[in-house]
Every structure is written in structure tokens, then in C-alpha cells.
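*Asks:* Okay, so here is entry20.pdb, and as you'll see once you scroll down, it has PDB, C-alpha atoms, pLDDT in the B column.
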ATOM      1  CA  MET C 195      13.362   5.333  -1.538  1.00 74.00           C
ATOM      2  CA  ILE C 196      11.595   2.405   0.040  1.00 76.00           C
ATOM      3  CA  LEU C 197       9.329   3.211   2.956  1.00 76.00           C
ATOM      4  CA  TRP C 198       9.564   0.230   5.248  1.00 76.00           C
ATOM      5  CA  ASP C 199       7.236  -0.744   8.050  1.00 76.00           C
ATOM      6  CA  ARG C 200       9.595  -2.872  10.169  1.00 74.00           C
ATOM      7  CA  LEU C 201       7.681  -6.082   9.464  1.00 78.00           C
ATOM      8  CA  PRO C 202      10.125  -8.913  10.255  1.00 80.00           C
ATOM      9  CA  ALA C 203       9.247 -10.601   6.967  1.00 78.00           C
ATOM     10  CA  HIS C 204      10.886  -7.701   5.105  1.00 77.00           C
ATOM     11  CA  VAL C 205      14.341  -8.281   6.580  1.00 79.00           C
ATOM     12  CA  ALA C 206      15.524 -10.739   3.903  1.00 82.00           C
ATOM     13  CA  THR C 207      14.357  -8.424   1.131  1.00 81.00           C
ATOM     14  CA  GLN C 208      16.084  -5.462   2.730  1.00 81.00           C
ATOM     15  CA  ILE C 209      19.330  -7.414   3.063  1.00 84.00           C
ATOM     16  CA  TYR C 210      19.096  -8.402  -0.601  1.00 85.00           C
ATOM     17  CA  PHE C 211      18.571  -4.811  -1.768  1.00 83.00           C
ATOM     18  CA  GLU C 212      21.354  -3.490   0.428  1.00 83.00           C
ATOM     19  CA  ARG C 213      23.745  -6.171  -0.833  1.00 87.00           C
ATOM     20  CA  GLU C 214      22.776  -6.354  -4.522  1.00 86.00           C
ATOM     21  CA  ARG C 215      21.318  -2.943  -5.338  1.00 81.00           C
ATOM     22  CA  SER C 216      22.582  -0.520  -2.706  1.00 78.00           C
ATOM     23  CA  ASP C 217      22.965   2.192  -5.360  1.00 82.00           C
ATOM     24  CA  TRP C 218      19.287   1.889  -6.395  1.00 81.00           C
ATOM     25  CA  PHE C 219      17.478   2.278  -3.070  1.00 77.00           C
ATOM     26  CA  PHE C 220      17.649   3.693   0.366  1.00 78.00           C
ATOM     27  CA  PHE C 221      15.327   2.790   3.204  1.00 78.00           C
ATOM     28  CA  GLU C 222      13.238   5.018   5.416  1.00 79.00           C
ATOM     29  CA  TYR C 223      11.306   3.513   8.291  1.00 79.00           C
ATOM     30  CA  PHE C 224       7.877   4.248   9.630  1.00 77.00           C
ATOM     31  CA  PRO C 225       7.692   4.558  13.403  1.00 76.00           C
ATOM     32  CA  SER C 226       6.276   1.522  15.187  1.00 73.00           C
ATOM     33  CA  TYR C 227       2.572   1.167  14.503  1.00 75.00           C
ATOM     34  CA  SER C 228       1.882   4.231  12.413  1.00 76.00           C
ATOM     35  CA  PRO C 229      -0.760   3.294   9.822  1.00 77.00           C
ATOM     36  CA  GLU C 230      -1.748   6.937   9.406  1.00 80.00           C
ATOM     37  CA  LEU C 231       1.679   7.584   7.829  1.00 79.00           C
ATOM     38  CA  ASN C 232       1.428   4.777   5.287  1.00 81.00           C
ATOM     39  CA  PRO C 233      -0.366   5.674   2.026  1.00 86.00           C
ATOM     40  CA  VAL C 234      -1.074   1.981   1.423  1.00 86.00           C
ATOM     41  CA  GLU C 235      -3.256   1.936   4.543  1.00 88.00           C
ATOM     42  CA  GLN C 236      -5.403   4.649   2.974  1.00 90.00           C
ATOM     43  CA  CYS C 237      -5.717   2.515  -0.137  1.00 92.00           C
ATOM     44  CA  TRP C 238      -6.820  -0.536   1.902  1.00 92.00           C
ATOM     45  CA  ASN C 239      -9.288   1.639   3.780  1.00 92.00           C
ATOM     46  CA  MET C 240     -10.763   2.893   0.513  1.00 93.00           C
ATOM     47  CA  MET C 241     -11.061  -0.636  -0.820  1.00 94.00           C
ATOM     48  CA  LYS C 242     -12.577  -2.202   2.294  1.00 94.00           C
ATOM     49  CA  ASN C 243     -14.738   0.551   3.717  1.00 94.00           C
ATOM     50  CA  VAL C 244     -15.797   2.525   0.656  1.00 94.00           C
ATOM     51  CA  ALA C 245     -15.555   0.681  -2.656  1.00 94.00           C
ATOM     52  CA  MET C 246     -16.380  -2.761  -1.235  1.00 96.00           C
ATOM     53  CA  ALA C 247     -18.591  -1.780   1.695  1.00 95.00           C
ATOM     54  CA  ASN C 248     -21.515  -4.186   1.929  1.00 95.00           C
ATOM     55  CA  PHE C 249     -20.068  -6.358  -0.846  1.00 96.00           C
ATOM     56  CA  VAL C 250     -20.925 -10.022  -0.326  1.00 96.00           C
ATOM     57  CA  PRO C 251     -18.929 -12.313  -2.601  1.00 96.00           C
ATOM     58  CA  MET C 252     -20.541 -15.472  -3.884  1.00 96.00           C
ATOM     59  CA  SER C 253     -17.171 -17.253  -4.155  1.00 97.00           C
ATOM     60  CA  ILE C 254     -13.446 -16.718  -3.755  1.00 97.00           C
ATOM     61  CA  GLU C 255     -13.268 -16.030  -7.492  1.00 97.00           C
ATOM     62  CA  HIS C 256     -15.977 -13.375  -7.177  1.00 97.00           C
ATOM     63  CA  LEU C 257     -14.024 -11.738  -4.334  1.00 97.00           C
ATOM     64  CA  LYS C 258     -10.835 -11.824  -6.398  1.00 97.00           C
ATOM     65  CA  GLU C 259     -12.559 -10.263  -9.432  1.00 97.00           C
ATOM     66  CA  LYS C 260     -14.091  -7.473  -7.364  1.00 97.00           C
ATOM     67  CA  THR C 261     -10.822  -6.780  -5.533  1.00 96.00           C
ATOM     68  CA  LEU C 262      -8.905  -6.531  -8.820  1.00 96.00           C
ATOM     69  CA  GLU C 263     -11.601  -4.293 -10.302  1.00 96.00           C
ATOM     70  CA  VAL C 264     -11.453  -1.901  -7.339  1.00 96.00           C
ATOM     71  CA  ALA C 265      -7.626  -1.948  -7.280  1.00 95.00           C
ATOM     72  CA  LYS C 266      -7.521  -1.037 -10.985  1.00 96.00           C
ATOM     73  CA  ARG C 267     -10.014   1.767 -10.435  1.00 95.00           C
ATOM     74  CA  ILE C 268      -7.908   3.187  -7.590  1.00 95.00           C
ATOM     75  CA  ASN C 269      -4.678   2.712  -9.554  1.00 93.00           C
ATOM     76  CA  ASN C 270      -6.120   4.637 -12.504  1.00 96.00           C
ATOM     77  CA  ASP C 271      -7.086   7.638 -10.377  1.00 95.00           C
ATOM     78  CA  PRO C 272      -3.954   9.782  -9.895  1.00 93.00           C
ATOM     79  CA  LYS C 273      -5.856  12.357  -7.833  1.00 94.00           C
ATOM     80  CA  LEU C 274      -6.959   9.679  -5.375  1.00 93.00           C
ATOM     81  CA  ILE C 275      -3.446   8.256  -5.080  1.00 91.00           C
ATOM     82  CA  ALA C 276      -2.063  11.754  -4.522  1.00 90.00           C
ATOM     83  CA  GLU C 277      -4.650  12.208  -1.768  1.00 90.00           C
ATOM     84  CA  PHE C 278      -3.395   9.069  -0.019  1.00 89.00           C
ATOM     85  CA  PHE C 279       0.072  10.650   0.075  1.00 86.00           C
ATOM     86  CA  ARG C 280      -1.279  14.034   1.173  1.00 86.00           C
ATOM     87  CA  HIS C 281      -3.167  12.367   4.014  1.00 85.00           C
ATOM     88  CA  ALA C 282       0.102  10.817   5.162  1.00 80.00           C
ATOM     89  CA  LYS C 283       1.797  14.211   4.774  1.00 78.00           C
ATOM     90  CA  LEU C 284       4.269  12.786   2.244  1.00 67.00           C
ATOM     91  CA  LYS C 285       5.412  14.827  -0.726  1.00 65.00           C
ATOM     92  CA  LEU C 286       5.164  13.222  -4.148  1.00 59.00           C
TER
END
Is it possible to give me this structure as C-alpha cells?
*Replies:*
Amino acid sequence: MILWDRLPAHVATQIYFERERSDWFFFEYFPSYSPELNPVEQCWNMMKNVAMANFVPMSIEHLKEKTLEVAKRINNDPKLIAEFFRHAKLKL
């Protein structure tokens, strides 16, 4: 299942998957503007407002390093990821 947020930029990708890999995926759509239903929004919130709150990068490279570090930390925490899905009321 691919949870899709109706962003127009996704249309070409959706057409590709439906044409080339229709047996691999099916699409479910979020309602218009529903960030509370998207687990990725919880991840971004954690990154921006918790893990990187008050972070002041000294360069673009510093920002990139810190972002990758935080993303890896989140990715390696299955309980946190599960919580993002629970918050969105999605079953794993």
C-alpha cells in the first residue's frame, strides 16, 4: 500500500506504478490537508521541533550532517516509529 497525499508532483509516479507494477501496490489517499494522518509529518515534527530545536548550523554541510544524524536516530528507534503510526491511528 502506498499512502498518497495528492501532491500533483506524485501523479507521474502513480501512473508509472499503476502501469508497470499494478500487482505490487495499491494506493490509498489522505484527505485534503490532513497532516495529522500522515506518520511522516510526525517524523518531521520530531526532527524540527525536538531533536533539532535551537540547532544553529554553521554551514549547509553542518545542517546536512545533523539532519542525517537525527534521521538515523529516528530510523533506528522502532518504538518511536510505531508511535508515529499510532498517533495517526494507522495499524502497523
*Asks:* Can you spell out as an NGL selection string the set of residues that the PyMOL selection byres ((chain C and resi 214-226) around 12) selects in the structure I just provided?
*Replies:* :C and (195-201 or 204-213 or 227-233 or 282 or 284)
*Asks:* In Å, with one decimal, what is the gap from atom CA of C:Ala276 to atom CA of C:Asn243?
*Replies:*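 Taking atom CA of C:Ala276 as the start and atom CA of C:Asn243 as the end point, the length is 18.8 Å.
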*Asks:* If I take atom CA of C:Leu257 and atom CA of C:Met240, how far is one from the other in Å, to one decimal?
*Replies:*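 Pair atom CA of C:Leu257 / atom CA of C:Met240 returns 15.8 Å.
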*Asks:* Quick one: distance from atom CA of C:Ala265 to atom CA of C:Cys237 in Å, one decimal?
*Replies:*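 The value is 8.6 Å.
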*Asks:* Using all atoms listed in the file, which residue out of C:Pro202, C:Lys283, C:Met246, C:Phe278 lies closest to C:Val264?
*Replies:*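 Checking each of C:Pro202, C:Lys283, C:Met246, C:Phe278 against C:Val264, counting all atoms listed in the file, the winner is C:Met246.
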*Asks:* Would you write out, as a VMD selection string, every residue that the PyMOL selection byres ((chain C and resi 245) around 10) captures in this file?
*Replies:* chain C and resid 238 to 244 246 to 249 260 to 261 263 to 265 267 to 268
*Asks:* Is it possible to dump chain C as a PDB file, in the first residue's frame, including just C-alpha atoms?
*Replies:*
ATOM      1  CA  MET C 195       0.000   0.000   0.000  1.00  0.00           C
ATOM      2  CA  ILE C 196       1.180   3.488  -0.793  1.00  0.00           C
ATOM      3  CA  LEU C 197      -0.389   6.270   1.229  1.00  0.00           C
ATOM      4  CA  TRP C 198      -0.565   9.217  -1.110  1.00  0.00           C
ATOM      5  CA  ASP C 199      -1.074  12.853  -0.244  1.00  0.00           C
ATOM      6  CA  ARG C 200      -2.498  14.133  -3.548  1.00  0.00           C
ATOM      7  CA  LEU C 201       0.556  16.278  -4.282  1.00  0.00           C
ATOM      8  CA  PRO C 202       0.435  16.960  -8.041  1.00  0.00           C
ATOM      9  CA  ALA C 203       4.105  16.025  -8.337  1.00  0.00           C
ATOM     10  CA  HIS C 204       3.200  12.425  -7.451  1.00  0.00           C
ATOM     11  CA  VAL C 205       0.944  11.907 -10.465  1.00  0.00           C
ATOM     12  CA  ALA C 206       3.689  10.693 -12.831  1.00  0.00           C
ATOM     13  CA  THR C 207       4.973   8.243 -10.232  1.00  0.00           C
ATOM     14  CA  GLN C 208       1.483   6.932  -9.586  1.00  0.00           C
ATOM     15  CA  ILE C 209       0.879   6.436 -13.307  1.00  0.00           C
ATOM     16  CA  TYR C 210       4.170   4.551 -13.576  1.00  0.00           C
ATOM     17  CA  PHE C 211       3.328   2.217 -10.681  1.00  0.00           C
ATOM     18  CA  GLU C 212      -0.177   1.587 -11.959  1.00  0.00           C
ATOM     19  CA  ARG C 213       1.136   0.818 -15.449  1.00  0.00           C
ATOM     20  CA  GLU C 214       4.334  -1.103 -14.632  1.00  0.00           C
ATOM     21  CA  ARG C 215       3.737  -2.615 -11.198  1.00  0.00           C
ATOM     22  CA  SER C 216      -0.016  -2.702 -10.645  1.00  0.00           C
ATOM     23  CA  ASP C 217       0.300  -6.088  -8.917  1.00  0.00           C
ATOM     24  CA  TRP C 218       2.804  -4.706  -6.366  1.00  0.00           C
ATOM     25  CA  PHE C 219       0.963  -1.675  -4.988  1.00  0.00           C
ATOM     26  CA  PHE C 220      -2.363  -0.127  -4.369  1.00  0.00           C
ATOM     27  CA  PHE C 221      -2.938   3.492  -3.461  1.00  0.00           C
ATOM     28  CA  GLU C 222      -4.832   4.982  -0.560  1.00  0.00           C
ATOM     29  CA  TYR C 223      -5.282   8.726  -0.349  1.00  0.00           C
ATOM     30  CA  PHE C 224      -5.163  11.077   2.575  1.00  0.00           C
ATOM     31  CA  PRO C 225      -7.991  13.600   2.684  1.00  0.00           C
ATOM     32  CA  SER C 226      -7.054  17.098   1.547  1.00  0.00           C
ATOM     33  CA  TYR C 227      -4.765  18.760   4.060  1.00  0.00           C
ATOM     34  CA  SER C 228      -4.584  16.148   6.776  1.00  0.00           C
ATOM     35  CA  PRO C 229      -1.059  16.239   8.236  1.00  0.00           C
ATOM     36  CA  GLU C 230      -2.273  14.638  11.457  1.00  0.00           C
ATOM     37  CA  LEU C 231      -2.955  11.427   9.488  1.00  0.00           C
ATOM     38  CA  ASN C 232       0.500  11.236   7.926  1.00  0.00           C
ATOM     39  CA  PRO C 233       3.166   9.497  10.053  1.00  0.00           C
ATOM     40  CA  VAL C 234       5.882  11.321   8.103  1.00  0.00           C
ATOM     41  CA  GLU C 235       4.583  14.627   9.473  1.00  0.00           C
ATOM     42  CA  GLN C 236       5.203  13.316  12.984  1.00  0.00           C
ATOM     43  CA  CYS C 237       8.738  12.430  11.961  1.00  0.00           C
ATOM     44  CA  TRP C 238       9.363  15.945  10.570  1.00  0.00           C
ATOM     45  CA  ASN C 239       7.904  17.433  13.733  1.00  0.00           C
ATOM     46  CA  MET C 240      10.247  15.341  15.869  1.00  0.00           C
ATOM     47  CA  MET C 241      13.228  16.366  13.776  1.00  0.00           C
ATOM     48  CA  LYS C 242      12.457  20.086  13.626  1.00  0.00           C
ATOM     49  CA  ASN C 243      10.888  20.809  16.988  1.00  0.00           C
ATOM     50  CA  VAL C 244      12.517  18.276  19.294  1.00  0.00           C
ATOM     51  CA  ALA C 245      15.803  16.813  18.074  1.00  0.00           C
ATOM     52  CA  MET C 246      16.964  19.957  16.253  1.00  0.00           C
ATOM     53  CA  ALA C 247      15.268  22.631  18.352  1.00  0.00           C
ATOM     54  CA  ASN C 248      17.647  25.545  18.843  1.00  0.00           C
ATOM     55  CA  PHE C 249      20.197  23.980  16.486  1.00  0.00           C
ATOM     56  CA  VAL C 250      22.146  26.636  14.593  1.00  0.00           C
ATOM     57  CA  PRO C 251      24.159  25.184  11.721  1.00  0.00           C
ATOM     58  CA  MET C 252      27.474  26.749  10.837  1.00  0.00           C
ATOM     59  CA  SER C 253      27.164  25.687   7.180  1.00  0.00           C
ATOM     60  CA  ILE C 254      24.976  23.729   4.792  1.00  0.00           C
ATOM     61  CA  GLU C 255      27.247  20.731   5.364  1.00  0.00           C
ATOM     62  CA  HIS C 256      26.773  21.034   9.128  1.00  0.00           C
ATOM     63  CA  LEU C 257      22.989  21.125   8.631  1.00  0.00           C
ATOM     64  CA  LYS C 258      23.155  18.077   6.369  1.00  0.00           C
ATOM     65  CA  GLU C 259      25.273  16.121   8.881  1.00  0.00           C
ATOM     66  CA  LYS C 260      22.944  16.935  11.765  1.00  0.00           C
ATOM     67  CA  THR C 261      19.829  16.116   9.729  1.00  0.00           C
ATOM     68  CA  LEU C 262      21.255  12.732   8.702  1.00  0.00           C
ATOM     69  CA  GLU C 263      22.304  12.009  12.287  1.00  0.00           C
ATOM     70  CA  VAL C 264      18.810  12.752  13.615  1.00  0.00           C
ATOM     71  CA  ALA C 265      17.137  10.800  10.779  1.00  0.00           C
ATOM     72  CA  LYS C 266      19.297   7.751  11.553  1.00  0.00           C
ATOM     73  CA  ARG C 267      18.480   8.025  15.246  1.00  0.00           C
ATOM     74  CA  ILE C 268      14.743   8.147  14.489  1.00  0.00           C
ATOM     75  CA  ASN C 269      15.027   5.341  11.927  1.00  0.00           C
ATOM     76  CA  ASN C 270      16.766   3.111  14.474  1.00  0.00           C
ATOM     77  CA  ASP C 271      14.037   3.560  17.084  1.00  0.00           C
ATOM     78  CA  PRO C 272      11.187   1.159  16.217  1.00  0.00           C
ATOM     79  CA  LYS C 273       9.137   2.272  19.226  1.00  0.00           C
ATOM     80  CA  LEU C 274       9.258   5.886  18.061  1.00  0.00           C
ATOM     81  CA  ILE C 275       8.284   4.956  14.506  1.00  0.00           C
ATOM     82  CA  ALA C 276       5.413   2.844  15.833  1.00  0.00           C
ATOM     83  CA  GLU C 277       4.288   5.862  17.861  1.00  0.00           C
ATOM     84  CA  PHE C 278       4.150   7.981  14.703  1.00  0.00           C
ATOM     85  CA  PHE C 279       1.738   5.421  13.232  1.00  0.00           C
ATOM     86  CA  ARG C 280      -0.282   5.177  16.449  1.00  0.00           C
ATOM     87  CA  HIS C 281      -0.639   8.955  16.520  1.00  0.00           C
ATOM     88  CA  ALA C 282      -2.061   8.801  13.004  1.00  0.00           C
ATOM     89  CA  LYS C 283      -4.323   5.931  14.091  1.00  0.00           C
ATOM     90  CA  LEU C 284      -2.793   3.618  11.474  1.00  0.00           C
ATOM     91  CA  LYS C 285      -2.219  -0.046  12.210  1.00  0.00           C
ATOM     92  CA  LEU C 286       1.232  -1.447  11.517  1.00  0.00           C
TER      93      LEU C 286
END
